[in-house]
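File shown: start18.txt. Contents: compact mmCIF, C-alpha atoms.
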# COMPACT_ATOMS: atom_id res chain seq x y z
CA MET A 1 -39.15 44.39 38.85
CA SER A 2 -42.37 42.46 39.40
CA LYS A 3 -41.79 42.48 43.16
CA LEU A 4 -41.24 46.25 43.07
CA LEU A 5 -44.44 46.76 41.08
CA GLN A 6 -46.34 44.52 43.47
CA SER A 7 -45.01 46.49 46.45
CA VAL A 8 -46.03 49.79 44.84
CA MET A 9 -49.51 48.47 44.09
CA GLU A 10 -49.93 47.20 47.66
CA ASN A 11 -48.94 50.59 49.06
CA LEU A 12 -51.25 52.44 46.67
CA GLU A 13 -54.10 50.14 47.60
CA PHE A 14 -53.46 50.77 51.30
CA LEU A 15 -53.33 54.54 50.69
CA ALA A 16 -56.64 54.42 48.80
CA VAL A 17 -58.31 52.50 51.63
CA CYS A 18 -56.94 55.02 54.15
CA LEU A 19 -58.28 58.00 52.19
CA LEU A 20 -61.72 56.43 51.70
CA ILE A 21 -62.08 55.62 55.39
CA VAL A 22 -60.89 59.08 56.46
CA VAL A 23 -63.42 60.74 54.15
CA ALA A 24 -66.20 58.38 55.34
CA ILE A 25 -65.49 59.17 59.00
CA PHE A 26 -65.57 62.93 58.33
CA VAL A 27 -68.85 62.57 56.42
CA ILE A 28 -70.43 60.60 59.26
CA ALA A 29 -69.23 63.13 61.83
CA GLY A 30 -70.41 66.09 59.74
CA ILE A 31 -73.87 64.71 59.01
CA THR A 32 -74.40 63.66 62.61
CA GLU A 33 -73.24 66.97 64.07
CA LYS A 34 -75.36 68.97 61.63
CA GLY A 35 -78.41 66.87 62.45
CA LEU A 36 -77.94 67.21 66.21
CA ARG A 37 -77.29 70.94 65.94
CA LYS A 38 -80.48 71.41 63.91
CA LYS A 39 -82.55 69.16 66.19
CA ASN A 40 -81.39 70.90 69.36
CA ALA A 41 -81.41 74.37 67.75
CA MET A 42 -77.79 74.82 68.79
CA PRO A 43 -76.02 77.81 67.21
CA ARG A 44 -72.39 77.49 66.21
CA SER A 45 -70.73 79.24 69.12
CA ASN A 46 -67.23 79.46 67.68
CA THR A 47 -65.89 81.19 64.61
CA GLY A 48 -64.09 79.16 61.99
CA VAL A 49 -60.71 80.68 62.89
CA ARG A 50 -61.21 79.99 66.59
CA ARG A 51 -62.26 76.39 65.91
CA VAL A 52 -59.19 75.79 63.77
CA ALA A 53 -56.96 77.32 66.44
CA ILE A 54 -58.42 75.16 69.21
CA VAL A 55 -58.23 71.99 67.12
CA GLY A 56 -54.62 72.85 66.28
CA VAL A 57 -53.67 73.34 69.93
CA PHE A 58 -55.24 70.08 71.09
CA SER A 59 -53.79 68.21 68.10
CA ALA A 60 -50.32 69.45 69.00
CA ILE A 61 -50.74 68.38 72.63
CA ALA A 62 -51.98 64.97 71.48
CA ALA A 63 -49.03 64.57 69.08
CA VAL A 64 -46.60 65.26 71.92
CA LEU A 65 -48.36 62.71 74.12
CA MET A 66 -47.86 60.09 71.40
CA TYR A 67 -44.13 60.23 72.17
CA PHE A 68 -44.81 58.75 75.60
CA GLU A 69 -45.85 55.18 74.89
CA LEU A 70 -46.07 52.52 77.58
CA PRO A 71 -45.39 48.86 76.76
CA LEU A 72 -47.97 46.43 78.09
CA TRP A 73 -47.15 43.17 79.81
CA PHE A 74 -49.90 41.24 78.04
CA ALA A 75 -49.37 42.39 74.43
CA PRO A 76 -46.62 42.32 71.76
CA SER A 77 -44.33 45.34 71.51
CA PHE A 78 -46.25 46.96 68.63
CA TYR A 79 -49.20 47.50 70.99
CA GLU A 80 -48.20 50.40 73.23
CA LEU A 81 -50.47 52.58 75.31
CA ASP A 82 -50.42 56.34 74.89
CA PHE A 83 -52.69 59.06 76.23
CA SER A 84 -53.10 61.14 73.09
CA GLU A 85 -56.86 60.52 73.04
CA ILE A 86 -57.31 62.70 76.15
CA PRO A 87 -56.87 66.11 74.43
CA VAL A 88 -58.72 64.79 71.37
CA MET A 89 -61.70 63.76 73.51
CA ILE A 90 -61.71 67.10 75.33
CA CYS A 91 -61.67 68.89 71.97
CA ALA A 92 -64.56 66.71 70.72
CA PHE A 93 -66.64 67.36 73.84
CA ALA A 94 -66.05 71.10 73.62
CA MET A 95 -66.27 71.62 69.86
CA GLY A 96 -68.24 68.68 68.48
CA PRO A 97 -67.64 65.38 66.63
CA VAL A 98 -66.12 66.98 63.51
CA ALA A 99 -63.53 68.85 65.57
CA GLY A 100 -62.74 65.62 67.41
CA VAL A 101 -62.14 63.71 64.17
CA ALA A 102 -60.07 66.61 62.79
CA ALA A 103 -57.93 66.64 65.94
CA GLU A 104 -57.48 62.87 65.68
CA LEU A 105 -56.28 63.17 62.07
CA CYS A 106 -54.01 66.16 62.70
CA LYS A 107 -52.50 64.39 65.71
CA VAL A 108 -51.46 61.42 63.57
CA LEU A 109 -50.16 63.61 60.74
CA LEU A 110 -48.09 65.69 63.15
CA LYS A 111 -46.67 62.55 64.71
CA LEU A 112 -45.68 61.24 61.27
CA VAL A 113 -43.95 64.53 60.41
CA LEU A 114 -42.09 64.70 63.71
CA LYS A 115 -41.38 61.06 64.41
CA GLY A 116 -42.09 59.04 61.29
CA THR A 117 -43.48 55.53 61.39
CA THR A 118 -42.18 52.22 62.70
CA THR A 119 -45.17 50.15 61.57
CA ALA A 120 -45.26 50.79 57.80
CA PHE A 121 -48.01 53.39 58.50
CA VAL A 122 -50.44 50.63 59.53
CA GLY A 123 -50.14 51.45 63.23
CA ASP A 124 -50.69 55.15 62.52
CA PHE A 125 -53.76 54.40 60.43
CA ALA A 126 -55.02 52.10 63.18
CA ASN A 127 -54.47 54.83 65.77
CA PHE A 128 -56.69 57.20 63.77
CA VAL A 129 -59.48 54.76 62.90
CA VAL A 130 -59.72 53.02 66.27
CA GLY A 131 -59.36 56.40 68.01
CA CYS A 132 -62.31 57.71 66.01
CA ALA A 133 -64.29 54.59 66.99
CA PHE A 134 -63.88 55.85 70.55
CA VAL A 135 -64.09 59.63 70.14
CA LEU A 136 -66.94 59.80 67.62
CA PRO A 137 -69.63 57.81 69.54
CA ALA A 138 -68.66 59.45 72.84
CA SER A 139 -68.88 62.99 71.45
CA ILE A 140 -72.14 62.27 69.58
CA VAL A 141 -73.83 61.02 72.76
CA TYR A 142 -72.56 64.02 74.71
CA TYR A 143 -73.73 66.37 71.95
CA ILE A 144 -77.30 65.05 72.30
CA LYS A 145 -77.47 66.50 75.80
CA LYS A 146 -74.47 68.03 77.47
CA THR A 147 -74.71 66.63 80.98
CA ARG A 148 -72.29 64.69 83.17
CA LYS A 149 -74.48 61.60 82.86
CA MET A 150 -74.43 61.74 79.07
CA ALA A 151 -70.68 62.30 79.08
CA ILE A 152 -70.13 59.18 81.17
CA GLY A 153 -72.58 57.24 79.01
CA GLY A 154 -70.86 58.42 75.84
CA LEU A 155 -67.42 57.45 77.13
CA ALA A 156 -68.71 54.02 78.15
CA LEU A 157 -70.31 53.51 74.74
CA GLY A 158 -67.13 54.70 73.02
CA THR A 159 -65.07 52.20 75.00
CA VAL A 160 -67.38 49.34 74.03
CA ILE A 161 -67.45 50.31 70.34
CA MET A 162 -63.69 50.84 70.25
CA THR A 163 -63.13 47.42 71.82
CA ILE A 164 -65.47 45.55 69.48
CA PHE A 165 -64.57 47.43 66.31
CA GLY A 166 -60.86 47.63 67.10
CA SER A 167 -60.67 43.90 67.76
CA ALA A 168 -62.49 42.94 64.56
CA PHE A 169 -60.55 45.51 62.48
CA ASN A 170 -57.26 44.14 63.81
CA ALA A 171 -58.18 40.54 63.03
CA PHE A 172 -59.62 41.07 59.56
CA TYR A 173 -57.50 43.91 58.18
CA LEU A 174 -54.82 45.58 60.30
CA LEU A 175 -52.76 42.56 61.35
CA PRO A 176 -52.73 40.96 57.87
CA LYS A 177 -51.93 44.33 56.29
CA PHE A 178 -49.16 44.97 58.81
CA ALA A 179 -47.65 41.57 57.99
CA GLU A 180 -47.92 42.30 54.26
CA LEU A 181 -46.42 45.79 54.26
CA TYR A 182 -43.85 45.17 56.98
CA GLY A 183 -42.59 42.02 55.30
CA MET A 184 -43.49 39.63 58.11
CA SER A 185 -45.49 36.45 58.20
CA MET A 186 -48.63 36.14 60.32
CA GLU A 187 -46.93 33.22 62.06
CA ALA A 188 -44.13 35.56 63.18
CA ILE A 189 -46.63 38.10 64.53
CA ILE A 190 -48.58 35.42 66.36
CA GLY A 191 -45.26 34.09 67.69
CA MET A 192 -44.58 37.49 69.29
CA GLY A 193 -47.83 37.06 71.18
CA THR A 194 -47.07 33.46 72.08
CA ALA A 195 -43.76 34.55 73.63
CA ILE A 196 -45.74 36.69 76.07
CA ASN A 197 -48.79 34.47 76.56
CA GLY A 198 -48.69 30.76 75.75
CA SER A 199 -52.44 30.78 75.13
CA ILE A 200 -51.94 32.93 72.00
CA ASP A 201 -51.70 30.57 69.03
CA SER A 202 -53.85 32.24 66.35
CA VAL A 203 -54.99 35.65 65.13
CA TRP A 204 -58.19 35.48 67.13
CA SER A 205 -56.47 34.41 70.34
CA LEU A 206 -54.01 37.29 69.83
CA VAL A 207 -56.97 39.64 69.49
CA PHE A 208 -58.74 38.16 72.53
CA TYR A 209 -55.76 38.16 74.88
CA ALA A 210 -54.03 41.33 73.67
CA VAL A 211 -56.23 43.67 71.62
CA VAL A 212 -59.40 43.39 73.71
CA PRO A 213 -57.77 44.13 77.09
CA PHE A 214 -55.63 46.82 75.44
CA ASN A 215 -58.69 48.72 74.20
CA ILE A 216 -60.63 48.26 77.45
CA LEU A 217 -57.70 49.53 79.51
CA LYS A 218 -57.17 52.47 77.17
CA GLY A 219 -60.86 53.36 77.18
CA LEU A 220 -61.08 53.29 80.97
CA ILE A 221 -57.99 55.43 81.50
CA ILE A 222 -58.93 58.01 78.86
CA SER A 223 -62.49 58.19 80.17
CA VAL A 224 -61.47 58.78 83.79
CA VAL A 225 -58.85 61.41 82.97
CA THR A 226 -61.17 63.18 80.50
CA MET A 227 -63.91 63.45 83.12
CA LEU A 228 -61.45 64.82 85.66
CA LEU A 229 -60.01 67.43 83.29
CA TYR A 230 -62.94 68.50 81.13
CA LYS A 231 -64.97 70.23 83.85
CA HIS A 232 -61.98 72.50 84.53
CA ILE A 233 -61.07 73.17 80.89
CA SER A 234 -64.50 73.55 79.29
CA PRO A 235 -65.35 76.95 80.84
CA ILE A 236 -62.16 78.38 79.32
CA LEU A 237 -62.93 76.93 75.88
CA LYS A 238 -66.51 78.20 75.92
CA LYS A 239 -65.52 81.81 76.59
CA HIS A 240 -65.79 84.07 73.54
Let me see whether you can do it: turn the structure in this file into structure tokens.
Amino acid sequence: MSKLLQSVMENLEFLAVCLLIVVAIFVIAGITEKGLRKKNAMPRSNTGVRRVAIVGVFSAIAAVLMYFELPLWFAPSFYELDFSEIPVMICAFAMGPVAGVAAELCKVLLKLVLKGTTTAFVGDFANFVVGCAFVLPASIVYYIKKTRKMAIGGLALGTVIMTIFGSAFNAFYLLPKFAELYGMSMEAIIGMGTAINGSIDSVWSLVFYAVVPFNILKGLIISVVTMLLYKHISPILKKH
């Protein structure tokens, strides 16, 4: 009974942390977008219904893309690359940071409804938070001045922030929480990394040899594909 109660408390604690972080990210996105819109005297060019529809469409596309995950030769099996950030980033560039964060959240929720979770919800939470660490800075920079140069700069900044934040978040919170909720020891998780790369013998070496290159690779691929697609899609999205 005590173990059951402890498990319930751990899950409730994790849920509370998830909700607080989600709310904090939306607040940051909302305040930033409102400030930039006021500073640049930018009118809201889309109605509420149209914004919701566009976010919904891109969220659905992103959720489908989450089904196609690629294993990586340098990381344990629970680190798989998907391309769901591409439609989310396009949505954020076209509609603003808040829309990007909303698409990121809806994408994860849709995936959970359709596919469920295989990581005790920790991987899904990580996908949202680390994804926002990429999408939010990139879209904010692009919103300051919507030029190709700013878009490239925003994507580069987003990749750097995602890599640094994602690595630290994995080491300090996500990996220990995954071990706790999934019923594994940290030694077992590190051992999965060691089996792939003998240099991995601690949490930080796992982060350095697996998480860092994973985020850099993901950032580069998403950035290149977004730049190639956005110039063709944005004129359609901007039509009234």
Selection near Ala75 of chain A, 7 Å with all atoms listed in the file, sequence-local residues under 6 positions removed, as number ranges by chain: A: 193, 196, 210
Let me see the file: selected residues, C-alpha atoms, as a JSON list (two decimals), in the frame of the given file.
[["chain", "number", "residue", "atom", "x", "y", "z"],
["A", 193, "GLY", "CA", -47.83, 37.06, 71.18],
["A", 196, "ILE", "CA", -45.74, 36.69, 76.07],
["A", 210, "ALA", "CA", -54.03, 41.33, 73.67]]
With all atoms listed in the file counted and 12 Å as the cut-off, give the residues of segment 127-228 of chain A in contact with segment 62-71 of chain A, each with its shortest interatomic distance in Å and the pair that gives it, as CSV.
residue,atom,partner,partner_atom,distance
A:Asn127,CA,A:Met66,CA,10.2
A:Phe128,CA,A:Ala63,CA,11.9
A:Gly131,CA,A:Ala62,CA,11.8
A:Ala210,CA,A:Pro71,CA,11.9
A:Phe214,CA,A:Pro71,CA,10.5
A:Lys218,CA,A:Leu70,CA,11.1
Minimum-distance residue to Val160 of chain A, chosen among A:Ala16, A:Ala138, A:Ile31, A:Met192 (using only C-alpha atoms): A:Ala138
Test item: residues at most 7 Å from segment 116-126 of chain A, all atoms listed in the file, excluding those fewer than 6 positions along its chain, as a ChimeraX atom specification: /A:108,174,178,181-182
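Near Glu104 of chain A, within 10 Å and counting all atoms listed in the file, sit Val55, Phe58, Ser59, Ala62, Ala63, Ser84, Glu85, Pro87, Val88, Met89, Cys91, Ala92, Val98, Ala99, Gly100, Val101, Ala102, Cys106, Lys107, Val108, Leu109, Asn127, Phe128, Val129, Gly131, Cys132 and Val135 of chain A, not including residues fewer than 2 positions from it in the same chain.
Using only C-alpha atoms for every distance, the candidate list A:Ser223, A:Leu15, A:Ala94, A:Ile164 yields A:Ile164 as the residue closest to Phe208 of chain A.
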For atom CA of Tyr230 of chain A and atom CA of Leu72 of chain A, the interatomic separation in Å (one decimal): 26.8 Å
Nearby residues, (-54.5, 38.6, 68.4) file frame, 9 Å, only C-alpha atoms, as a PyMOL selection string: chain A and resi 75+167+170-171+175+189-190+193+200-212
Take the selection from the previous step and output its residues with C-alpha atoms, as an mmCIF file, in the coordinates of the input.
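For reference, out_29.cif as written:
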data_model
loop_
_atom_site.group_PDB
_atom_site.id
_atom_site.type_symbol
_atom_site.label_atom_id
_atom_site.label_comp_id
_atom_site.auth_asym_id
_atom_site.auth_seq_id
_atom_site.Cartn_x
_atom_site.Cartn_y
_atom_site.Cartn_z
ATOM 1 C CA ALA A 75 -49.370 42.390 74.430
ATOM 2 C CA SER A 167 -60.670 43.900 67.760
ATOM 3 C CA ASN A 170 -57.260 44.140 63.810
ATOM 4 C CA ALA A 171 -58.180 40.540 63.030
ATOM 5 C CA LEU A 175 -52.760 42.560 61.350
ATOM 6 C CA ILE A 189 -46.630 38.100 64.530
ATOM 7 C CA ILE A 190 -48.580 35.420 66.360
ATOM 8 C CA GLY A 193 -47.830 37.060 71.180
ATOM 9 C CA ILE A 200 -51.940 32.930 72.000
ATOM 10 C CA ASP A 201 -51.700 30.570 69.030
ATOM 11 C CA SER A 202 -53.850 32.240 66.350
ATOM 12 C CA VAL A 203 -54.990 35.650 65.130
ATOM 13 C CA TRP A 204 -58.190 35.480 67.130
ATOM 14 C CA SER A 205 -56.470 34.410 70.340
ATOM 15 C CA LEU A 206 -54.010 37.290 69.830
ATOM 16 C CA VAL A 207 -56.970 39.640 69.490
ATOM 17 C CA PHE A 208 -58.740 38.160 72.530
ATOM 18 C CA TYR A 209 -55.760 38.160 74.880
ATOM 19 C CA ALA A 210 -54.030 41.330 73.670
ATOM 20 C CA VAL A 211 -56.230 43.670 71.620
ATOM 21 C CA VAL A 212 -59.400 43.390 73.710
#
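Comparing A:Leu19, A:Lys177, A:Phe93, A:Leu36 by their smallest distance to Ile233 of chain A, the closest is A:Phe93 (using all atoms listed in the file).
Between atom CA of Pro137 of chain A and atom CA of Val27 of chain A there is a distance of 14.0 Å.
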Near-Ala133 of chain A list (8 Å; only C-alpha atoms; drop same-chain fewer than 3 positions) as a ChimeraX atom specification: /A:129-130,136-137,158,161-162,165-166
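The coordinates place atom CA of Arg51 of chain A at 24.3 Å from atom CA of Ile152 of chain A.
Counting all atoms listed in the file, the residue from A:Ala156, A:Lys115, A:Lys38, A:Val23 that sits nearest to Ile221 of chain A is A:Ala156.
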Segment 166-187 of chain A from the block above: C-alpha atoms written as a compact mmCIF listing (two decimals), in the first residue's frame:
# COMPACT_ATOMS: atom_id res chain seq x y z
CA GLY A 166 18.01 20.02 -23.55
CA SER A 167 21.31 18.59 -22.35
CA ALA A 168 21.08 20.16 -18.90
CA PHE A 169 17.37 19.28 -18.56
CA ASN A 170 18.11 15.66 -19.44
CA ALA A 171 20.94 15.39 -16.92
CA PHE A 172 19.26 17.11 -13.99
CA TYR A 173 15.61 16.12 -14.41
CA LEU A 174 14.45 14.02 -17.37
CA LEU A 175 16.79 11.03 -17.08
CA PRO A 176 16.37 10.66 -13.28
CA LYS A 177 12.60 11.10 -13.62
CA PHE A 178 12.46 8.56 -16.45
CA ALA A 179 14.35 6.07 -14.28
CA GLU A 180 12.00 6.77 -11.36
CA LEU A 181 8.70 6.49 -13.22
CA TYR A 182 9.75 3.72 -15.58
CA GLY A 183 11.09 1.59 -12.75
CA MET A 184 14.70 1.50 -13.94
CA SER A 185 17.95 2.34 -12.26
CA MET A 186 20.22 5.08 -13.57
CA GLU A 187 22.92 2.43 -13.89
